[in-house]
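The file structure28.txt contains compact mmCIF, C-alpha atoms:
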```
# COMPACT_ATOMS: atom_id res chain seq x y z
CA MET A 383 101.82 75.04 204.93
CA VAL A 384 102.30 74.05 201.29
CA VAL A 385 99.97 74.97 198.45
CA GLN A 386 100.55 73.72 194.92
CA ARG A 387 98.37 74.30 191.87
CA LEU A 388 98.27 72.81 188.40
CA ASP A 389 96.35 74.60 185.66
CA ALA A 390 94.66 72.54 182.93
CA PRO A 391 96.37 69.31 184.06
CA THR A 392 96.34 66.15 181.96
CA PRO A 393 94.50 63.07 183.27
CA GLY A 394 97.84 61.60 184.31
CA GLU A 395 98.79 64.75 186.21
CA VAL A 396 95.44 64.73 188.02
CA VAL A 397 95.96 61.13 189.08
CA ASP A 398 99.54 61.76 190.22
CA ALA A 399 98.50 64.83 192.20
CA ALA A 400 95.62 62.94 193.83
CA LYS A 401 97.79 60.00 194.80
CA ALA A 402 100.44 62.31 196.26
CA ALA A 403 97.82 64.23 198.25
CA VAL A 404 96.36 61.02 199.69
CA ARG A 405 99.84 59.71 200.50
CA ASP A 406 100.95 62.92 202.21
CA GLY A 407 97.70 63.69 204.03
CA ALA A 408 96.95 66.85 202.05
CA VAL A 409 93.63 68.36 200.99
CA LEU A 410 92.98 67.95 197.27
CA THR A 411 90.62 70.15 195.26
CA VAL A 412 89.83 69.63 191.61
CA GLN A 413 87.94 72.08 189.42
CA ALA A 414 86.59 70.00 186.57
CA ARG A 415 83.86 69.02 184.19
CA CYS A 416 82.81 65.60 185.40
CA GLU A 417 80.09 63.03 185.83
CA VAL A 418 79.40 61.25 189.11
CA GLU A 419 77.99 57.85 190.05
CA TYR A 420 76.88 56.71 193.47
CA GLU A 421 76.27 53.15 194.66
CA GLY A 422 75.26 52.16 198.16
CA ARG A 423 71.99 52.33 200.02
CA THR A 424 70.54 53.61 196.73
CA SER A 425 72.09 54.35 193.36
CA GLY A 426 72.39 57.63 191.49
CA TYR A 427 73.96 59.33 188.51
CA LEU A 428 74.87 62.98 187.97
CA GLY A 429 75.49 63.94 184.34
CA GLU A 430 78.20 66.18 182.98
CA GLY A 431 78.72 69.54 184.63
CA ASP A 432 81.33 71.90 186.04
CA ARG A 433 82.00 71.07 189.68
CA LEU A 434 84.40 71.35 192.57
CA LEU A 435 85.72 68.05 193.94
CA VAL A 436 87.27 67.98 197.40
CA ALA A 437 89.17 65.06 198.94
CA LYS A 438 90.31 65.34 202.57
CA PRO A 439 92.91 63.31 204.45
CA ASP A 440 90.29 61.53 206.58
CA GLY A 441 88.60 60.07 203.51
CA THR A 442 85.90 62.70 203.20
CA PHE A 443 84.96 63.32 199.56
CA LEU A 444 82.67 66.14 198.39
CA VAL A 445 81.15 67.05 195.04
CA HIS A 446 79.97 70.67 194.88
CA GLN A 447 77.94 72.26 192.10
CA PRO A 448 78.39 75.98 191.31
CA THR A 449 75.49 77.00 193.58
CA GLY A 450 74.31 75.96 197.01
CA HIS A 451 76.29 75.29 200.18
CA LYS A 452 75.63 71.56 200.39
CA PRO A 453 77.50 68.99 198.29
CA VAL A 454 75.36 67.17 195.74
CA ASN A 455 77.28 63.95 196.38
CA TRP A 456 79.62 63.11 199.24
CA MET A 457 81.33 60.42 201.25
CA PRO A 458 81.91 60.99 204.97
CA GLY A 459 85.26 60.45 206.63
CA GLY A 460 86.47 56.99 207.51
CA GLY A 461 86.75 55.65 203.99
CA THR A 462 89.38 55.88 201.30
CA VAL A 463 89.94 58.02 198.23
CA GLU A 464 91.74 56.51 195.22
CA ALA A 465 92.76 57.85 191.81
CA ARG A 466 93.28 56.06 188.50
CA GLU A 467 93.08 56.52 184.76
CA SER A 468 90.24 54.85 182.85
CA ASP A 469 89.58 55.14 179.12
CA GLY A 470 91.72 58.28 178.95
CA ASP A 471 89.99 60.01 181.88
CA ALA A 472 91.09 60.62 185.43
CA VAL A 473 88.78 58.97 187.97
CA LEU A 474 88.48 59.72 191.69
CA LEU A 475 86.84 56.96 193.71
CA ALA A 476 85.75 57.38 197.32
CA ARG A 477 84.42 54.35 199.17
CA ARG A 478 83.80 52.84 202.56
CA SER A 479 82.81 49.39 203.75
CA ASN A 480 80.39 50.01 206.62
CA PRO A 481 77.96 50.68 205.10
CA SER A 482 79.16 49.67 201.65
CA GLU A 483 79.13 52.85 199.53
CA ARG A 484 81.08 54.36 196.68
CA VAL A 485 81.16 57.72 194.90
CA GLU A 486 83.00 57.79 191.59
CA ALA A 487 83.79 61.03 189.77
CA ARG A 488 84.94 60.68 186.18
CA ILE A 489 86.84 63.83 185.19
CA LEU A 490 86.13 64.67 181.57
CA GLU A 491 88.12 67.90 181.62
CA ALA A 492 90.23 69.22 184.47
CA TYR A 493 90.55 72.99 184.75
CA GLY A 494 92.77 73.00 187.80
CA VAL A 495 94.08 70.93 190.71
CA THR A 496 95.14 72.27 194.09
CA ARG A 497 97.05 70.43 196.77
CA PHE A 498 96.86 72.04 200.21
CA GLU A 499 98.93 70.70 203.11
CA ALA A 500 96.75 72.21 205.80
CA GLU A 501 97.35 72.30 209.54
CA ASP A 502 94.44 73.08 211.85
CA GLY A 503 94.25 71.91 215.44
CA ALA A 504 91.66 74.43 216.61
CA THR A 505 88.25 73.38 217.91
CA TYR A 506 85.23 75.41 216.86
CA GLU A 507 83.46 76.85 219.88
CA GLU A 508 80.03 78.36 219.41
CA SER A 509 78.44 80.68 221.90
CA GLY A 510 75.46 82.95 221.91
CA THR A 511 72.98 80.61 220.22
CA GLU A 512 69.47 81.95 219.93
CA ALA A 513 68.22 79.41 222.48
CA GLU A 514 70.84 80.65 224.96
CA MET A 515 69.82 84.23 224.28
CA HIS A 516 66.18 83.38 224.94
CA GLU A 517 67.06 81.64 228.20
CA TYR A 518 69.24 84.52 229.31
CA ILE A 519 66.60 87.16 228.53
CA GLN A 520 63.88 85.16 230.26
CA ASN A 521 66.02 84.92 233.40
CA ASN A 522 67.40 88.47 233.14
CA PRO A 523 64.78 90.75 231.54
CA GLU A 524 66.43 93.74 233.23
CA SER A 525 69.34 93.29 230.81
CA LEU A 526 67.02 94.73 228.16
CA GLU A 527 65.41 97.39 230.34
CA ASP A 528 65.01 98.09 234.03
CA GLY A 529 61.58 97.06 235.23
CA LEU A 530 60.80 94.92 232.19
CA ARG A 531 58.74 91.83 233.01
CA ILE A 532 58.31 88.83 230.72
CA VAL A 533 54.66 87.80 230.38
CA GLU A 534 54.99 85.05 227.80
CA HIS A 535 57.77 83.35 225.83
CA GLU A 536 57.03 82.52 222.18
CA ARG A 537 53.46 83.78 222.01
CA GLU A 538 51.71 82.59 218.85
CA THR A 539 50.16 85.11 216.43
CA LYS A 540 48.81 84.88 212.90
CA TYR A 541 52.22 86.09 211.68
CA GLY A 542 54.24 83.57 213.67
CA PHE A 543 55.63 83.38 217.19
CA VAL A 544 56.59 86.53 219.09
CA ASP A 545 59.80 85.72 220.96
CA PHE A 546 58.73 87.58 224.10
CA TYR A 547 55.58 89.40 225.07
CA ALA A 548 56.48 91.66 228.01
CA VAL A 549 55.36 94.75 229.91
CA ASP A 550 57.54 97.65 231.03
CA SER A 551 57.64 99.30 234.45
CA GLU A 552 54.58 101.40 233.55
CA GLY A 553 52.55 98.43 232.34
CA THR A 554 52.95 99.18 228.62
CA PRO A 555 53.07 96.04 226.43
CA VAL A 556 56.45 95.36 224.81
CA VAL A 557 56.90 93.03 221.85
CA VAL A 558 60.45 91.65 221.84
CA GLU A 559 62.04 90.01 218.80
CA VAL A 560 65.42 88.29 219.31
CA LYS A 561 68.05 87.52 216.65
CA ARG A 562 71.45 85.91 217.21
CA ILE A 563 72.88 87.50 214.05
CA GLN A 564 73.16 91.11 212.97
CA ALA A 565 69.70 92.62 212.73
CA THR A 566 68.44 93.19 209.18
CA LEU A 567 65.58 95.10 207.61
CA ASN A 568 63.70 91.80 207.32
CA HIS A 569 63.91 91.48 211.09
CA PHE A 570 62.68 95.07 211.42
CA ASP A 571 59.73 94.29 209.14
CA GLN A 572 58.90 91.20 211.20
CA LEU A 573 58.86 93.18 214.43
CA LYS A 574 56.81 95.95 212.82
CA ARG A 575 54.11 93.43 211.79
CA TYR A 576 53.87 92.15 215.36
CA VAL A 577 53.64 95.67 216.80
CA GLU A 578 50.96 96.67 214.30
CA LEU A 579 49.03 93.51 215.14
CA TYR A 580 48.96 94.29 218.86
CA SER A 581 48.34 97.99 218.20
CA GLU A 582 44.93 97.05 216.81
CA SER A 583 43.77 96.43 220.39
CA ASN A 584 46.20 98.66 222.31
CA GLU A 585 47.61 101.87 220.92
CA ASN A 586 50.53 101.96 223.35
CA VAL A 587 52.57 98.98 222.23
CA ARG A 588 56.36 99.15 222.12
CA GLY A 589 58.59 97.16 219.80
CA MET A 590 62.07 96.02 220.80
CA LEU A 591 64.56 94.31 218.49
CA VAL A 592 67.39 92.47 220.28
CA ALA A 593 70.53 91.32 218.46
CA PRO A 594 74.34 91.38 218.71
CA SER A 595 74.49 94.32 216.27
CA ALA A 596 72.53 96.31 213.69
CA SER A 597 73.42 98.57 210.81
CA GLU A 598 72.66 102.27 210.97
CA ARG A 599 69.98 101.72 208.34
CA VAL A 600 68.15 99.25 210.60
CA ARG A 601 68.56 101.50 213.63
CA ARG A 602 67.16 104.44 211.67
CA ALA A 603 64.16 102.39 210.50
CA LEU A 604 63.44 101.44 214.11
CA ARG A 605 63.73 105.05 215.30
CA ASP A 606 61.49 106.32 212.52
CA ASN A 607 58.82 103.83 213.61
CA ASP A 608 59.14 104.51 217.35
CA MET A 609 60.75 101.15 218.02
CA GLU A 610 63.94 100.34 219.86
CA PHE A 611 67.13 98.35 219.41
CA VAL A 612 68.89 96.58 222.29
CA GLU A 613 72.38 95.32 221.61
CA LEU A 614 73.63 92.14 223.27
CA SER A 615 77.06 92.96 221.95
CA GLU A 616 79.16 90.27 223.57
CA PHE A 617 76.66 87.53 224.13
CA GLY A 618 78.49 84.37 225.13
CA LEU A 619 78.76 82.22 228.22
CA ASP A 620 81.98 82.62 230.12
CA ALA A 621 83.48 80.07 232.48
CA LYS A 622 80.95 80.98 235.18
CA GLY A 623 77.99 80.98 232.81
CA ALA A 624 77.59 84.74 232.93
CA THR A 625 76.60 86.74 229.90
CA GLU A 626 77.46 90.30 229.14
CA ALA A 627 74.77 92.58 227.75
CA LYS A 628 74.73 96.21 226.79
CA LEU A 629 71.86 98.58 226.11
CA THR A 630 72.53 100.83 223.16
CA ASP A 631 71.18 104.37 223.39
CA PHE A 632 69.87 106.18 220.36
```
Full structure transcribed into structure tokens:
Amino acid sequence: MVVQRLDAPTPGEVVDAAKAAVRDGAVLTVQARCEVEYEGRTSGYLGEGDRLLVAKPDGTFLVHQPTGHKPVNWMPGGGTVEARESDGDAVLLARRSNPSERVEARILEAYGVTRFEAEDGATYEESGTEAEMHEYIQNNPESLEDGLRIVEHERETKYGFVDFYAVDSEGTPVVVEVKRIQATLNHFDQLKRYVELYSESNENVRGMLVAPSASERVRRALRDNDMEFVELSEFGLDAKGATEAKLTDF
């Protein structure tokens, strides 16, 4: 792995670094004040601003503004990225032919350039999606509590959809809210609204928040409001399609 950085490079140095990165199959990032033009299925122009430009070996080109996770302009892989000088500025041009599109970034001031010879052969594998969690719980309600029976999946209320409306072994209604990420206070508040809604017609309503983990603050809020947390700590399908679940005691 090789990482090289130039601070405050000249237009010529930006162009040379970009050409070398493209030639050697390296990732190029440029921190710069620039303006961007797009031509293709539509046309667009982005005025001057400080941005992060990213060129990848497969021809992907991204223009990121200081906020937000999505690029404001981009070119998907399969095209080419070129660099040249024009009227004293460095210009990065990404284009492809099918469909015919081009993104041109004119660099008015470069703050830094990074060349990253990255190696990554790993494949991202996602497990434990919320849909998988729902399916697992519906087929295995005992993983949350012995004797629990699912009455309805995604029951609609005026506050939204309750993930599961269930009853326990004694017939007490249980409102179950499922999250595939660490439980937050917002999730606690959501469950609390559902429980309060059903409590209007039945005083004995239980609330159960299900997630891979929860902070002590969330757990305490649940305890203080007579609600429960169930931890699916290692939710993920193994080779046989089984899922491990664990009930956390307070």
Hey, can you pull every residue with an atom no more than 12 Å from (66.7, 100.4, 207.1), using all atoms listed in the file, and send it as a PDB file with C-alpha atoms, keeping the file's coordinate frame?
```
ATOM      1  CA  ALA A 565      69.700  92.620 212.730  1.00  0.00           C
ATOM      2  CA  THR A 566      68.440  93.190 209.180  1.00  0.00           C
ATOM      3  CA  LEU A 567      65.580  95.100 207.610  1.00  0.00           C
ATOM      4  CA  ASN A 568      63.700  91.800 207.320  1.00  0.00           C
ATOM      5  CA  HIS A 569      63.910  91.480 211.090  1.00  0.00           C
ATOM      6  CA  PHE A 570      62.680  95.070 211.420  1.00  0.00           C
ATOM      7  CA  ASP A 571      59.730  94.290 209.140  1.00  0.00           C
ATOM      8  CA  ALA A 596      72.530  96.310 213.690  1.00  0.00           C
ATOM      9  CA  SER A 597      73.420  98.570 210.810  1.00  0.00           C
ATOM     10  CA  GLU A 598      72.660 102.270 210.970  1.00  0.00           C
ATOM     11  CA  ARG A 599      69.980 101.720 208.340  1.00  0.00           C
ATOM     12  CA  VAL A 600      68.150  99.250 210.600  1.00  0.00           C
ATOM     13  CA  ARG A 601      68.560 101.500 213.630  1.00  0.00           C
ATOM     14  CA  ARG A 602      67.160 104.440 211.670  1.00  0.00           C
ATOM     15  CA  ALA A 603      64.160 102.390 210.500  1.00  0.00           C
ATOM     16  CA  LEU A 604      63.440 101.440 214.110  1.00  0.00           C
ATOM     17  CA  ARG A 605      63.730 105.050 215.300  1.00  0.00           C
ATOM     18  CA  ASP A 606      61.490 106.320 212.520  1.00  0.00           C
ATOM     19  CA  ASN A 607      58.820 103.830 213.610  1.00  0.00           C
TER      20      ASN A 607
END
```
Q | Which residue of A:Met590, A:Val404, A:Val384, A:Ala548 approaches Gly461 (chain A) most closely, using all atoms listed in the file | A |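 Checking each candidate against Gly461 (chain A), we get A:Val404 as the closest.
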Q: In Å, rounded to a single decimal, give me how far CA of Arg415 (chain A) is from CA of Ala492 (chain A).
A: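 Here the two named atoms are 6.4 Å from each other.
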Q. Could you pull the residues within 9 Å of Arg484 (chain A), counting all atoms listed in the file, minus those fewer than 2 positions along the same chain, as a list in words?
A. Glu419, Tyr420, Glu421, Gly422, Met457, Leu475, Ala476, Arg477, Arg478, Ser479, Ser482 and Glu486 of chain A
Q | Surrounding residues of Lys401 (chain A) excluding itself and chain neighbours under 5 positions, 9 Å, all atoms listed in the file, as a list in words | A |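 These residues fall inside the cut-off: Val396, Asp406, Val463, Glu464, Ala465 and Arg466 of chain A.
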Q. What is the CA of Thr511 (chain A) to CA of Asn455 (chain A) distance in Å?
A. 29.4 Å
Q. By how many Å are CA of Leu579 (chain A) and CA of Val557 (chain A) apart?
A.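 A separation of 10.4 Å between them.
In this comparison, which uses only C-alpha atoms, the residue of A:Gly426, A:Gly589, A:Gly394, A:Pro439 approaching Glu491 (chain A) most closely is A:Gly394.
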(Q) Need to verify the contact set: Lys561 (chain A), 9 Å, only C-alpha atoms, exclusion of same-chain residues closer than 4 positions in sequence. Can you return it as a PyMOL selection string? (A) chain A and resi 512+515+565+569+591-594
Q: Could you give me, as a VMD selection string, the residues within 8 Å of Tyr493 (chain A), counting all atoms listed in the file and dropping anything in the same chain fewer than 4 positions from it?
A: chain A and resid 389 to 391 412 to 415
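Shortest atom-to-atom contact with Phe546 (chain A) among A:Glu430, A:Asp471, A:Glu417, A:Glu517: A:Glu517, counting all atoms listed in the file.
Each of A:Glu483, A:Asp440, A:Glu585, A:Glu527 was checked against Val558 (chain A) using all atoms listed in the file; the smallest atom-to-atom distance is that of A:Glu527.
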(Q) Just checking: using all atoms listed in the file, which residue out of A:Val454, A:Ile563, A:Ile532, A:Ala400 ends up closest to Val549 (chain A)? (A)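 Closest to Val549 (chain A) of all the choices is A:Ile532.
Nearest to Tyr576 (chain A) of all the residues A:Arg562, A:His516, A:Tyr541, A:Ser595 is A:Tyr541, based on only C-alpha atoms.
The neighbours of Tyr580 (chain A) here are the residues that come within 10 Å of it, using only C-alpha atoms and leaving out any residue fewer than 6 positions away in the same chain; they are Thr539, Pro555, Val556, Val557, Asn586, Val587 and Arg588 of chain A.
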